[in-house]
$ cat coords.txt   # compact mmCIF, C-alpha atoms
# COMPACT_ATOMS: atom_id res chain seq x y z
CA MET G 1 36.59 -17.85 12.67
CA LEU G 2 33.59 -19.87 11.63
CA LYS G 3 31.61 -16.67 11.26
CA ASN G 4 34.24 -15.26 8.90
CA ALA G 5 34.16 -18.41 6.77
CA LEU G 6 30.38 -18.22 6.60
CA LEU G 7 30.46 -14.56 5.53
CA THR G 8 33.03 -15.32 2.84
CA LEU G 9 30.86 -18.15 1.63
CA ILE G 10 27.83 -15.86 1.41
CA ALA G 11 29.79 -13.28 -0.59
CA LEU G 12 31.05 -15.97 -2.97
CA ALA G 13 27.59 -17.47 -3.35
CA ILE G 14 26.08 -14.08 -4.24
CA ALA G 15 28.93 -13.36 -6.68
CA ILE G 16 28.90 -16.66 -8.54
CA GLY G 17 25.18 -17.35 -8.33
CA GLY G 18 24.13 -13.79 -9.12
CA GLY G 19 26.66 -13.38 -11.93
CA GLY G 20 25.77 -16.67 -13.58
CA ALA G 21 22.03 -16.21 -13.24
CA SER G 22 22.10 -12.67 -14.61
CA VAL G 23 23.96 -13.82 -17.73
CA TRP G 24 21.54 -16.70 -18.20
CA TYR G 25 18.57 -14.38 -17.79
CA THR G 26 19.78 -11.69 -20.19
CA LEU G 27 20.63 -14.28 -22.86
CA ARG G 28 17.14 -15.76 -22.64
CA ALA G 29 15.23 -12.48 -22.79
CA GLN G 30 13.85 -11.81 -26.26
CA ASP G 31 14.59 -8.08 -26.29
CA GLY G 32 18.16 -7.72 -25.14
CA VAL G 33 20.88 -5.27 -25.96
CA GLY G 34 21.02 -4.18 -29.58
CA ALA G 35 17.33 -4.82 -30.23
CA ILE G 36 15.28 -2.51 -32.41
CA ARG G 37 11.57 -2.37 -31.66
CA ILE G 38 8.99 -1.22 -34.18
CA GLY G 39 5.48 -1.61 -32.80
CA GLN G 40 5.30 -5.18 -31.54
CA TRP G 41 8.18 -6.36 -33.70
CA THR G 42 11.76 -6.79 -32.49
CA ALA G 43 14.82 -7.21 -34.70
CA PHE G 44 18.52 -7.60 -34.02
CA PRO G 45 20.16 -6.03 -37.07
CA ASP G 46 23.66 -6.43 -35.65
CA ILE G 47 23.36 -10.01 -34.45
CA GLY G 48 25.88 -12.34 -35.98
CA THR G 49 28.17 -9.60 -37.24
CA PRO G 50 31.63 -8.89 -35.85
CA ALA G 51 30.25 -5.48 -34.74
CA ALA G 52 27.71 -7.09 -32.42
CA ASP G 53 27.71 -6.41 -28.69
CA PRO G 54 29.02 -9.12 -26.29
CA TYR G 55 25.46 -10.19 -25.42
CA SER G 56 24.58 -10.89 -29.05
CA LYS G 57 27.90 -12.70 -29.52
CA ALA G 58 27.21 -14.93 -26.52
CA ARG G 59 23.71 -15.61 -27.81
CA VAL G 60 25.06 -16.61 -31.23
CA ALA G 61 27.60 -18.98 -29.64
CA ARG G 62 25.15 -20.50 -27.18
CA GLU G 63 22.32 -21.14 -29.61
CA GLY G 64 24.37 -22.05 -32.67
CA VAL G 65 22.69 -19.37 -34.74
CA LEU G 66 23.86 -18.58 -38.24
CA ALA G 67 22.26 -15.16 -38.58
CA LEU G 68 21.10 -13.77 -41.91
CA GLY G 69 23.60 -11.47 -43.58
CA ARG G 70 22.86 -7.91 -44.62
CA ALA G 71 22.41 -8.86 -48.27
CA GLU G 72 20.12 -11.73 -47.35
CA GLY G 73 17.47 -10.25 -45.11
CA LEU G 74 16.27 -9.16 -41.72
CA SER G 75 14.08 -11.06 -39.29
CA PHE G 76 11.52 -9.57 -36.90
CA VAL G 77 9.98 -11.44 -33.97
CA ALA G 78 6.76 -10.53 -32.18
CA GLU G 79 5.84 -12.02 -28.82
CA ARG G 80 2.97 -9.69 -27.81
CA ASP G 81 -0.15 -8.33 -29.46
CA SER G 82 -0.96 -4.63 -29.65
CA SER G 83 -2.65 -4.66 -26.23
CA GLY G 84 0.52 -6.06 -24.65
CA ASP G 85 -0.61 -9.65 -24.00
CA THR G 86 1.68 -12.52 -24.97
CA LEU G 87 0.70 -14.35 -28.15
CA LYS G 88 -1.03 -17.68 -27.59
CA ARG G 89 -1.37 -20.57 -29.98
CA GLU G 90 -5.00 -21.14 -29.01
CA CYS G 91 -5.99 -17.55 -29.88
CA ALA G 92 -6.82 -15.96 -33.22
CA TYR G 93 -5.05 -12.79 -34.34
CA ARG G 94 -5.42 -10.30 -37.11
CA ILE G 95 -2.21 -8.90 -38.63
CA GLU G 96 -2.91 -5.74 -40.59
CA GLY G 97 -0.92 -2.94 -42.09
CA GLY G 98 1.78 -1.92 -44.52
CA LEU G 99 5.14 -3.61 -44.84
CA PRO G 100 8.59 -2.28 -45.65
CA THR G 101 10.15 -2.71 -49.08
CA ALA G 102 11.60 -6.12 -49.81
CA ARG G 103 11.84 -8.54 -52.72
CA PHE G 104 9.62 -10.90 -50.72
CA TRP G 105 8.87 -11.82 -47.13
CA THR G 106 7.88 -14.86 -45.11
CA LEU G 107 5.76 -15.06 -41.98
CA TYR G 108 5.60 -18.06 -39.69
CA ALA G 109 4.21 -19.00 -36.30
CA ALA G 110 6.89 -20.32 -33.96
CA ASP G 111 7.13 -22.06 -30.61
CA GLU G 112 9.44 -21.05 -27.72
CA SER G 113 12.58 -22.22 -29.54
CA LEU G 114 11.59 -20.04 -32.53
CA GLY G 115 11.21 -23.14 -34.69
CA VAL G 116 8.09 -23.35 -36.82
CA ILE G 117 4.98 -24.87 -35.18
CA ASP G 118 4.41 -28.43 -36.32
CA THR G 119 0.80 -28.36 -37.47
CA GLY G 120 0.63 -32.11 -38.18
CA LYS G 121 -1.12 -31.25 -41.44
CA GLN G 122 -0.17 -30.67 -45.06
CA ARG G 123 -0.47 -26.93 -44.53
CA PRO G 124 2.57 -25.44 -42.79
CA ALA G 125 2.27 -22.62 -40.23
CA ALA G 126 3.95 -20.32 -42.73
CA LEU G 127 3.00 -17.81 -45.42
CA GLN G 128 5.02 -15.90 -47.98
CA SER G 129 4.37 -12.69 -49.86
CA TYR G 130 3.88 -14.26 -53.32
CA GLU G 131 0.81 -16.14 -52.10
CA VAL G 132 -0.96 -13.45 -50.06
CA MET G 133 -3.74 -11.24 -51.33
CA ARG G 134 -3.32 -7.53 -50.88
CA GLN G 135 -5.71 -4.69 -50.04
CA PRO G 136 -6.24 -1.93 -52.61
CA ASP G 137 -3.64 0.22 -50.79
CA ASN G 138 -1.03 -2.60 -51.03
CA SER G 139 -1.24 -3.40 -47.32
CA VAL G 140 -1.98 -6.93 -46.13
CA ALA G 141 -4.47 -8.45 -43.71
CA ILE G 142 -3.69 -11.92 -42.37
CA THR G 143 -5.71 -14.02 -39.97
CA VAL G 144 -3.70 -16.26 -37.61
CA SER G 145 -6.01 -18.99 -36.35
CA GLY G 146 -6.47 -22.68 -35.80
CA HIS G 147 -9.72 -22.47 -37.76
CA PRO G 148 -9.94 -21.78 -41.49
CA ALA G 149 -10.44 -18.11 -42.27
CA PRO G 150 -11.28 -16.23 -45.48
CA GLY G 151 -8.58 -14.13 -47.11
CA ASN G 152 -5.02 -14.78 -45.98
CA TRP G 153 -4.91 -17.53 -43.39
CA LEU G 154 -1.91 -18.52 -41.29
CA LEU G 155 -2.59 -21.83 -39.58
CA SER G 156 -1.57 -22.14 -35.94
CA THR G 157 -2.39 -25.17 -33.80
CA GLY G 158 -1.89 -26.37 -30.25
CA ALA G 159 -1.71 -24.37 -27.06
CA GLY G 160 0.91 -22.31 -25.29
CA THR G 161 3.20 -19.42 -26.12
CA MET G 162 3.53 -18.42 -29.73
CA TYR G 163 5.93 -16.14 -31.55
CA LEU G 164 5.39 -14.62 -34.96
CA VAL G 165 8.49 -14.35 -37.13
CA LEU G 166 8.40 -11.99 -40.11
CA THR G 167 11.49 -12.05 -42.33
CA PHE G 168 12.18 -9.67 -45.20
CA TYR G 169 14.55 -10.90 -47.89
CA ASP G 170 16.80 -8.80 -50.12
CA THR G 171 15.61 -5.63 -48.44
CA PRO G 172 17.15 -2.18 -48.13
CA ILE G 173 16.04 -1.95 -44.48
CA ALA G 174 18.68 -4.51 -43.50
CA SER G 175 21.49 -2.21 -44.54
CA SER G 176 20.06 1.28 -44.10
CA THR G 177 20.21 3.27 -40.92
CA GLY G 178 16.63 4.45 -41.30
CA LEU G 179 15.25 1.40 -39.54
CA SER G 180 13.11 3.50 -37.23
CA ASP G 181 11.09 5.06 -40.06
CA ILE G 182 9.65 1.86 -41.42
CA GLU G 183 6.09 0.72 -40.95
CA MET G 184 5.23 -2.71 -39.55
CA PRO G 185 1.80 -4.35 -39.34
CA ARG G 186 -0.23 -4.35 -36.13
CA ILE G 187 -1.20 -7.58 -34.37
CA GLN G 188 -4.69 -7.55 -32.87
CA LYS G 189 -6.33 -10.31 -30.88
CA ALA G 190 -9.52 -11.51 -32.52
CA GLY G 191 -10.61 -14.07 -29.94
CA CYS G 192 -9.57 -17.26 -28.20
CA ASP G 193 -10.70 -20.88 -28.04
CA ALA G 194 -12.07 -21.52 -24.60
CA MET P 1 24.72 -6.21 10.87
CA ARG P 2 27.16 -3.86 9.18
CA ARG P 3 29.41 -6.79 8.44
CA LEU P 4 26.55 -8.54 6.66
CA LEU P 5 25.77 -5.46 4.57
CA HIS P 6 29.44 -5.24 3.70
CA VAL P 7 29.44 -8.90 2.65
CA VAL P 8 26.32 -8.49 0.48
CA LEU P 9 27.80 -5.44 -1.26
CA LEU P 10 31.03 -7.35 -1.87
CA GLY P 11 28.97 -10.23 -3.23
CA LEU P 12 27.13 -7.93 -5.66
CA LEU P 13 30.39 -6.43 -6.87
CA GLY P 14 31.68 -9.96 -7.40
CA ALA P 15 28.47 -10.82 -9.26
CA GLY P 16 29.16 -7.95 -11.66
CA ILE P 17 32.66 -9.25 -12.34
CA VAL P 18 31.44 -12.83 -12.77
CA HIS P 19 28.71 -11.58 -15.13
CA ILE P 20 31.28 -9.93 -17.41
CA VAL P 21 33.72 -12.84 -17.25
CA VAL P 22 31.05 -15.46 -18.01
CA LEU P 23 29.70 -13.34 -20.86
CA MET P 24 33.15 -13.09 -22.46
CA LEU P 25 33.89 -16.79 -21.98
CA VAL P 26 30.63 -18.12 -23.44
CA PRO P 27 31.76 -17.75 -27.10
CA GLU P 28 35.18 -19.26 -26.30
CA PHE P 29 33.91 -22.39 -24.63
CA SER P 30 30.55 -22.98 -26.28
CA GLU P 31 30.20 -26.50 -27.65
CA ARG P 32 26.83 -25.70 -29.10
CA ASP P 33 27.90 -23.09 -31.63
CA ALA P 34 27.29 -23.54 -35.32
CA TRP P 35 30.81 -24.77 -36.11
CA SER P 36 30.70 -27.50 -33.44
CA ARG P 37 27.27 -28.64 -34.53
CA LEU P 38 28.34 -28.83 -38.16
CA ALA P 39 31.55 -30.64 -37.18
CA MET P 40 29.45 -33.30 -35.50
CA ALA P 41 27.33 -33.69 -38.62
CA SER P 42 29.98 -33.83 -41.34
CA ASP P 43 33.55 -33.27 -42.52
CA LEU P 44 35.27 -30.22 -43.92
CA TYR P 45 34.42 -29.41 -47.56
CA LYS P 46 31.20 -31.35 -47.46
CA MET P 47 27.87 -29.68 -48.19
CA THR P 48 25.47 -30.53 -45.39
CA ARG P 49 21.78 -29.79 -45.32
CA LEU P 50 20.84 -27.58 -42.38
CA ASP P 51 17.06 -27.96 -42.54
CA ALA P 52 15.12 -30.88 -41.12
CA GLU P 53 13.73 -31.86 -44.52
CA ALA P 54 16.70 -34.09 -45.36
CA GLY P 55 15.92 -36.29 -42.36
CA GLY P 56 16.77 -35.88 -38.70
CA ALA P 57 16.74 -32.75 -36.60
CA PRO P 58 17.95 -29.49 -38.13
CA VAL P 59 21.70 -29.09 -37.63
CA VAL P 60 21.63 -25.37 -37.02
CA LYS P 61 18.70 -23.49 -35.55
CA SER P 62 16.64 -20.64 -36.90
CA VAL P 63 16.17 -21.66 -40.48
CA ASP P 64 13.05 -20.22 -42.13
CA PRO P 65 10.51 -23.04 -42.75
CA LEU P 66 10.08 -21.81 -46.33
CA PHE P 67 13.80 -22.10 -46.95
CA TYR P 68 16.20 -24.94 -47.54
CA ALA P 69 19.80 -24.39 -46.55
CA ALA P 70 23.13 -26.16 -46.87
CA ALA P 71 26.51 -25.39 -45.38
CA CYS P 72 30.12 -26.48 -45.68
CA ARG P 73 33.05 -25.82 -43.39
CA PHE P 74 36.39 -24.84 -44.88
CA ASP P 75 39.89 -24.01 -43.79
CA LEU P 76 41.66 -21.39 -45.92
CA THR P 77 45.10 -22.54 -44.74
CA ASP P 78 44.55 -25.53 -47.08
CA GLY P 79 44.03 -23.15 -50.00
CA LEU P 80 41.14 -21.27 -51.51
CA VAL P 81 37.71 -22.85 -51.59
CA ARG P 82 35.29 -22.80 -54.51
CA ILE P 83 31.54 -23.15 -54.20
CA LYS P 84 29.31 -23.86 -57.16
CA ALA P 85 25.64 -24.63 -57.57
CA ALA P 86 23.88 -25.18 -60.86
CA GLY P 87 20.24 -24.67 -61.62
CA ARG P 88 17.67 -21.96 -61.23
CA VAL P 89 15.67 -21.37 -58.08
CA PRO P 90 13.41 -18.41 -57.20
CA PHE P 91 15.89 -16.94 -54.75
CA TRP P 92 19.17 -17.95 -53.23
CA SER P 93 21.47 -16.13 -50.88
CA VAL P 94 24.88 -16.91 -49.50
CA SER P 95 26.70 -16.02 -46.31
CA VAL P 96 30.30 -16.57 -45.24
CA TYR P 97 30.79 -16.95 -41.49
CA ASP P 98 33.98 -17.06 -39.47
CA ARG P 99 34.80 -19.71 -36.89
CA ASN P 100 32.63 -17.99 -34.24
CA GLY P 101 29.57 -17.86 -36.47
CA HIS P 102 29.88 -14.16 -37.28
CA ASN P 103 28.60 -13.17 -40.66
CA ILE P 104 31.43 -11.55 -42.56
CA TYR P 105 30.09 -11.48 -46.12
CA SER P 106 26.78 -12.08 -47.82
CA PHE P 107 25.31 -11.76 -51.28
CA ASN P 108 22.30 -13.04 -53.22
CA ASP P 109 21.37 -14.17 -56.72
CA ARG P 110 21.01 -10.59 -58.01
CA ASN P 111 24.73 -10.06 -57.36
CA ALA P 112 25.81 -13.06 -59.40
CA ASN P 113 26.62 -13.41 -63.07
CA SER P 114 23.52 -14.75 -64.89
CA GLY P 115 22.06 -15.84 -61.54
CA THR P 116 24.16 -19.00 -61.13
CA LEU P 117 26.14 -19.50 -57.97
CA ASP P 118 29.89 -19.61 -58.49
CA ALA P 119 31.99 -18.20 -55.68
CA VAL P 120 35.54 -18.39 -54.38
CA VAL P 121 36.51 -17.67 -50.78
CA LEU P 122 40.13 -16.75 -50.19
CA THR P 123 42.40 -14.75 -47.95
CA PRO P 124 43.84 -11.40 -49.12
CA ALA P 125 47.24 -13.09 -49.63
CA GLN P 126 45.74 -15.79 -51.82
CA MET P 127 43.85 -13.09 -53.73
CA ILE P 128 47.14 -11.46 -54.73
CA GLU P 129 48.43 -14.83 -55.98
CA VAL P 130 45.26 -15.55 -57.97
CA ARG P 131 45.18 -12.04 -59.48
CA LYS P 132 48.65 -12.55 -61.01
CA ASP P 133 47.31 -15.18 -63.35
CA LEU P 134 43.55 -15.56 -63.23
CA PRO P 135 42.55 -19.08 -64.33
CA GLU P 136 40.14 -19.16 -67.26
CA ASP P 137 37.26 -20.82 -65.44
CA LEU P 138 37.36 -18.40 -62.53
CA GLN P 139 36.53 -15.41 -64.73
CA GLY P 140 32.86 -15.36 -63.86
CA ALA P 141 33.21 -16.23 -60.19
CA ILE P 142 32.46 -13.96 -57.26
CA PHE P 143 35.58 -13.49 -55.13
CA VAL P 144 35.03 -13.22 -51.40
CA GLU P 145 38.13 -11.92 -49.68
CA ALA P 146 38.01 -12.97 -46.04
CA PRO P 147 40.79 -12.45 -43.50
CA ILE P 148 40.03 -15.77 -41.75
CA ASP P 149 41.31 -19.34 -41.58
CA GLU P 150 38.37 -21.52 -40.66
CA GLY P 151 34.92 -20.57 -41.81
CA ILE P 152 31.45 -21.70 -42.80
CA PHE P 153 29.78 -21.16 -46.16
CA VAL P 154 25.97 -21.25 -46.14
CA ILE P 155 23.60 -21.34 -49.12
CA ARG P 156 19.95 -20.57 -48.47
CA ALA P 157 17.30 -21.16 -51.11
CA PHE P 158 13.65 -20.11 -51.08
CA VAL P 159 10.93 -22.75 -51.45
CA PRO P 160 7.76 -20.79 -52.36
CA ASP P 161 5.50 -23.86 -52.30
CA GLU P 162 5.36 -27.66 -52.33
CA SER P 163 6.04 -27.94 -56.07
CA TRP P 164 9.43 -26.24 -55.72
CA LYS P 165 10.70 -28.69 -53.08
CA PRO P 166 12.34 -31.23 -55.45
CA ILE P 167 13.89 -28.47 -57.57
CA VAL P 168 15.37 -26.61 -54.61
CA SER P 169 16.52 -29.89 -53.06
CA ARG P 170 18.35 -30.75 -56.26
CA PHE P 171 19.89 -27.26 -56.40
CA LEU P 172 21.39 -27.81 -52.96
CA SER P 173 22.37 -31.46 -53.40
CA GLN P 174 24.24 -30.65 -56.61
CA SER P 175 26.10 -27.78 -55.02
CA SER P 176 29.79 -28.40 -54.48
CA CYS P 177 32.34 -27.07 -52.05
CA GLU P 178 35.89 -28.00 -52.97
CA LEU P 179 39.56 -27.11 -52.98
CA PRO P 180 40.64 -26.47 -56.56
CA ASP P 181 44.37 -26.77 -57.30
CA TYR P 182 45.72 -23.67 -58.88
$ encode --input "coords.txt" --output "structure tokens"
Amino acid sequence: MLKNALLTLIALAIAIGGGGASVWYTLRAQDGVGAIRIGQWTAFPDIGTPAADPYSKARVAREGVLALGRAEGLSFVAERDSSGDTLKRECAYRIEGGLPTARFWTLYAADESLGVIDTGKQRPAALQSYEVMRQPDNSVAITVSGHPAPGNWLLSTGAGTMYLVLTFYDTPIASSTGLSDIEMPRIQKAGCDA
Amino acid sequence: MRRLLHVVLLGLLGAGIVHIVVLMLVPEFSERDAWSRLAMASDLYKMTRLDAEAGGAPVVKSVDPLFYAAACRFDLTDGLVRIKAAGRVPFWSVSVYDRNGHNIYSFNDRNANSGTLDAVVLTPAQMIEVRKDLPEDLQGAIFVEAPIDEGIFVIRAFVPDESWKPIVSRFLSQSSCELPDY
């Protein structure tokens, strides 16, 4: 009798614990269902629309997100560099390459909650396309670092995990189905503060 | 031993069911969704700044640091809602969300007449009523037909640099979200 009760308890514990934990885990993971990956960049084009999958819907409800609409823009998040290491705030990175068509774009360095890093200085940890210099072939090269750098410099300070968020505004890629053909810049590690 | 294996398998099956049930219930019972957060910050038909710039923590997450945003909640059972914002900013965009925070309509300044924001959100039934006799001052407005009751209207405006901050702030603070009587 007691053995039966214990076995029932084990089954219930696995069911409730396992079910709850698996939902929590999938909602926290950055690349979930419905993600589109281009190089190191991940986007959720369907998030926040009625056509989204149940995981995206739960994410929207849990985090209080008001996702960008199709006519507004599309946001990409990178959490790893091109060699597969997670991005760190104490490291310097080089972002190079062409970008998809858009009226303009913004790039910012974010912490775990995807909010912008507070640099504690006048200069925010954000750049936008009207203020960057371009290469002769219209591509861009941006240095992400805590130390001033020539050319385009994105300030990042502190230590710990970093995300890079690249958002394109008023862009055809948000509404077209050819999302897989677009080119996104590479993220290469340039060195770290010891 | 076989009993234990049986119990573990049963537990895993149960975990699958619990996974699906919890996933479906999260949107229903979330008290942290955008609507609830906005409801804590302000009333219906009141434009509220979403970014942290206006003081305090940002109301709703994931706002671009180079953007200012404002939102108002509305209920179409009270009648249609009209949103206006005067002034010129480098870029603005607008989204209409339903009660669950799903984006159901969006447009930007290139879609608007002369670049000024003047929009009306209404249900298809209200649209038929308005079409019968279109009021003079609604001629230039963008009509957003939405089959919803409660919803959220969000204006986002781009702040290219420091010097634009007061202008974009004024653009959002002068924006209005009201129930006109027609």
$ closest_residue --input "coords.txt" --among "P:Gly79, P:Gly151, P:Pro124, P:Pro166" --to "chain G" --atoms "all atoms listed in the file"
P:Gly151
$ interface_residues --input "coords.txt" --of "chain P" --to "chain G" --cutoff "8 Å" --atoms "only C-alpha atoms" --output "ChimeraX atom specification"
/P:4,7-8,10-20,22-24,26-27,30-35,37,60-66,93-95,97,100-108,160
$ write_last_selection --input "coords.txt" --atoms "C-alpha atoms" --output "mmCIF file, in the frame of the given file"
data_model
loop_
_atom_site.group_PDB
_atom_site.id
_atom_site.type_symbol
_atom_site.label_atom_id
_atom_site.label_comp_id
_atom_site.auth_asym_id
_atom_site.auth_seq_id
_atom_site.Cartn_x
_atom_site.Cartn_y
_atom_site.Cartn_z
ATOM 1 C CA LEU P 4 26.550 -8.540 6.660
ATOM 2 C CA VAL P 7 29.440 -8.900 2.650
ATOM 3 C CA VAL P 8 26.320 -8.490 0.480
ATOM 4 C CA LEU P 10 31.030 -7.350 -1.870
ATOM 5 C CA GLY P 11 28.970 -10.230 -3.230
ATOM 6 C CA LEU P 12 27.130 -7.930 -5.660
ATOM 7 C CA LEU P 13 30.390 -6.430 -6.870
ATOM 8 C CA GLY P 14 31.680 -9.960 -7.400
ATOM 9 C CA ALA P 15 28.470 -10.820 -9.260
ATOM 10 C CA GLY P 16 29.160 -7.950 -11.660
ATOM 11 C CA ILE P 17 32.660 -9.250 -12.340
ATOM 12 C CA VAL P 18 31.440 -12.830 -12.770
ATOM 13 C CA HIS P 19 28.710 -11.580 -15.130
ATOM 14 C CA ILE P 20 31.280 -9.930 -17.410
ATOM 15 C CA VAL P 22 31.050 -15.460 -18.010
ATOM 16 C CA LEU P 23 29.700 -13.340 -20.860
ATOM 17 C CA MET P 24 33.150 -13.090 -22.460
ATOM 18 C CA VAL P 26 30.630 -18.120 -23.440
ATOM 19 C CA PRO P 27 31.760 -17.750 -27.100
ATOM 20 C CA SER P 30 30.550 -22.980 -26.280
ATOM 21 C CA GLU P 31 30.200 -26.500 -27.650
ATOM 22 C CA ARG P 32 26.830 -25.700 -29.100
ATOM 23 C CA ASP P 33 27.900 -23.090 -31.630
ATOM 24 C CA ALA P 34 27.290 -23.540 -35.320
ATOM 25 C CA TRP P 35 30.810 -24.770 -36.110
ATOM 26 C CA ARG P 37 27.270 -28.640 -34.530
ATOM 27 C CA VAL P 60 21.630 -25.370 -37.020
ATOM 28 C CA LYS P 61 18.700 -23.490 -35.550
ATOM 29 C CA SER P 62 16.640 -20.640 -36.900
ATOM 30 C CA VAL P 63 16.170 -21.660 -40.480
ATOM 31 C CA ASP P 64 13.050 -20.220 -42.130
ATOM 32 C CA PRO P 65 10.510 -23.040 -42.750
ATOM 33 C CA LEU P 66 10.080 -21.810 -46.330
ATOM 34 C CA SER P 93 21.470 -16.130 -50.880
ATOM 35 C CA VAL P 94 24.880 -16.910 -49.500
ATOM 36 C CA SER P 95 26.700 -16.020 -46.310
ATOM 37 C CA TYR P 97 30.790 -16.950 -41.490
ATOM 38 C CA ASN P 100 32.630 -17.990 -34.240
ATOM 39 C CA GLY P 101 29.570 -17.860 -36.470
ATOM 40 C CA HIS P 102 29.880 -14.160 -37.280
ATOM 41 C CA ASN P 103 28.600 -13.170 -40.660
ATOM 42 C CA ILE P 104 31.430 -11.550 -42.560
ATOM 43 C CA TYR P 105 30.090 -11.480 -46.120
ATOM 44 C CA SER P 106 26.780 -12.080 -47.820
ATOM 45 C CA PHE P 107 25.310 -11.760 -51.280
ATOM 46 C CA ASN P 108 22.300 -13.040 -53.220
ATOM 47 C CA PRO P 160 7.760 -20.790 -52.360
#
$ atom_distance --input "coords.txt" --atom1 "CA of Gln188 (chain G)" --atom2 "CA of Arg94 (chain G)"
5.1 Å
$ atom_distance --input "coords.txt" --atom1 "CA of Ile128 (chain P)" --atom2 "CA of Glu145 (chain P)"
10.3 Å
$ atom_distance --input "coords.txt" --atom1 "CA of Ser83 (chain G)" --atom2 "CA of Ala149 (chain G)"
22.3 Å
$ closest_residue --input "coords.txt" --among "P:Met47, P:Phe29, P:Phe91, P:Leu80" --to "Val168 (chain P)" --atoms "only C-alpha atoms"
P:Phe91
$ residues_around --input "coords.txt" --residues "Asp81 (chain G)" --least-positions-apart "2" --cutoff "9 Å" --atoms "all atoms listed in the file" --output "number ranges by chain"
G: 40, 78-79, 83-87, 93, 186-189
$ residues_near_point --input "coords.txt" --point "(45.4, -15.1, -54.0)" --cutoff "12 Å" --atoms "only C-alpha atoms" --output "VMD selection string"
chain P and resid 76 to 77 79 to 81 120 to 135 143 to 147 182
$ write_last_selection --input "coords.txt" --atoms "C-alpha atoms" --output "PDB file, in the coordinates of the input"
ATOM      1  CA  LEU P  76      41.660 -21.390 -45.920  1.00  0.00           C
ATOM      2  CA  THR P  77      45.100 -22.540 -44.740  1.00  0.00           C
ATOM      3  CA  GLY P  79      44.030 -23.150 -50.000  1.00  0.00           C
ATOM      4  CA  LEU P  80      41.140 -21.270 -51.510  1.00  0.00           C
ATOM      5  CA  VAL P  81      37.710 -22.850 -51.590  1.00  0.00           C
ATOM      6  CA  VAL P 120      35.540 -18.390 -54.380  1.00  0.00           C
ATOM      7  CA  VAL P 121      36.510 -17.670 -50.780  1.00  0.00           C
ATOM      8  CA  LEU P 122      40.130 -16.750 -50.190  1.00  0.00           C
ATOM      9  CA  THR P 123      42.400 -14.750 -47.950  1.00  0.00           C
ATOM     10  CA  PRO P 124      43.840 -11.400 -49.120  1.00  0.00           C
ATOM     11  CA  ALA P 125      47.240 -13.090 -49.630  1.00  0.00           C
ATOM     12  CA  GLN P 126      45.740 -15.790 -51.820  1.00  0.00           C
ATOM     13  CA  MET P 127      43.850 -13.090 -53.730  1.00  0.00           C
ATOM     14  CA  ILE P 128      47.140 -11.460 -54.730  1.00  0.00           C
ATOM     15  CA  GLU P 129      48.430 -14.830 -55.980  1.00  0.00           C
ATOM     16  CA  VAL P 130      45.260 -15.550 -57.970  1.00  0.00           C
ATOM     17  CA  ARG P 131      45.180 -12.040 -59.480  1.00  0.00           C
ATOM     18  CA  LYS P 132      48.650 -12.550 -61.010  1.00  0.00           C
ATOM     19  CA  ASP P 133      47.310 -15.180 -63.350  1.00  0.00           C
ATOM     20  CA  LEU P 134      43.550 -15.560 -63.230  1.00  0.00           C
ATOM     21  CA  PRO P 135      42.550 -19.080 -64.330  1.00  0.00           C
ATOM     22  CA  PHE P 143      35.580 -13.490 -55.130  1.00  0.00           C
ATOM     23  CA  VAL P 144      35.030 -13.220 -51.400  1.00  0.00           C
ATOM     24  CA  GLU P 145      38.130 -11.920 -49.680  1.00  0.00           C
ATOM     25  CA  ALA P 146      38.010 -12.970 -46.040  1.00  0.00           C
ATOM     26  CA  PRO P 147      40.790 -12.450 -43.500  1.00  0.00           C
ATOM     27  CA  TYR P 182      45.720 -23.670 -58.880  1.00  0.00           C
TER      28      TYR P 182
END
$ residues_around --input "coords.txt" --residues "Asp137 (chain G)" --least-positions-apart "2" --cutoff "12 Å" --atoms "all atoms listed in the file" --output "count of residues only"
10
$ closest_residue --input "coords.txt" --among "P:Ala141, P:Ile155, P:Val21, P:Val96" --to "Gln174 (chain P)" --atoms "all atoms listed in the file"
P:Ile155
$ closest_residue --input "coords.txt" --among "P:Leu172, P:Ile148, P:Ala41, P:Ala69" --to "Ala86 (chain P)" --atoms "all atoms listed in the file"
P:Leu172
$ residues_near_point --input "coords.txt" --point "(35.4, -30.8, -53.1)" --cutoff "9 Å" --atoms "all atoms listed in the file" --output "CSV table (one decimal) with C-alpha atoms, keeping the file's coordinate frame"
chain,number,residue,atom,x,y,z
P,45,TYR,CA,34.4,-29.4,-47.6
P,46,LYS,CA,31.2,-31.4,-47.5
P,81,VAL,CA,37.7,-22.8,-51.6
P,82,ARG,CA,35.3,-22.8,-54.5
P,83,ILE,CA,31.5,-23.2,-54.2
P,176,SER,CA,29.8,-28.4,-54.5
P,177,CYS,CA,32.3,-27.1,-52.0
P,178,GLU,CA,35.9,-28.0,-53.0
P,179,LEU,CA,39.6,-27.1,-53.0
P,180,PRO,CA,40.6,-26.5,-56.6
$ closest_residue --input "coords.txt" --among "P:Ser114, P:Phe158, P:Glu150, P:Ala119" --to "Asp137 (chain P)" --atoms "only C-alpha atoms"
P:Ala119
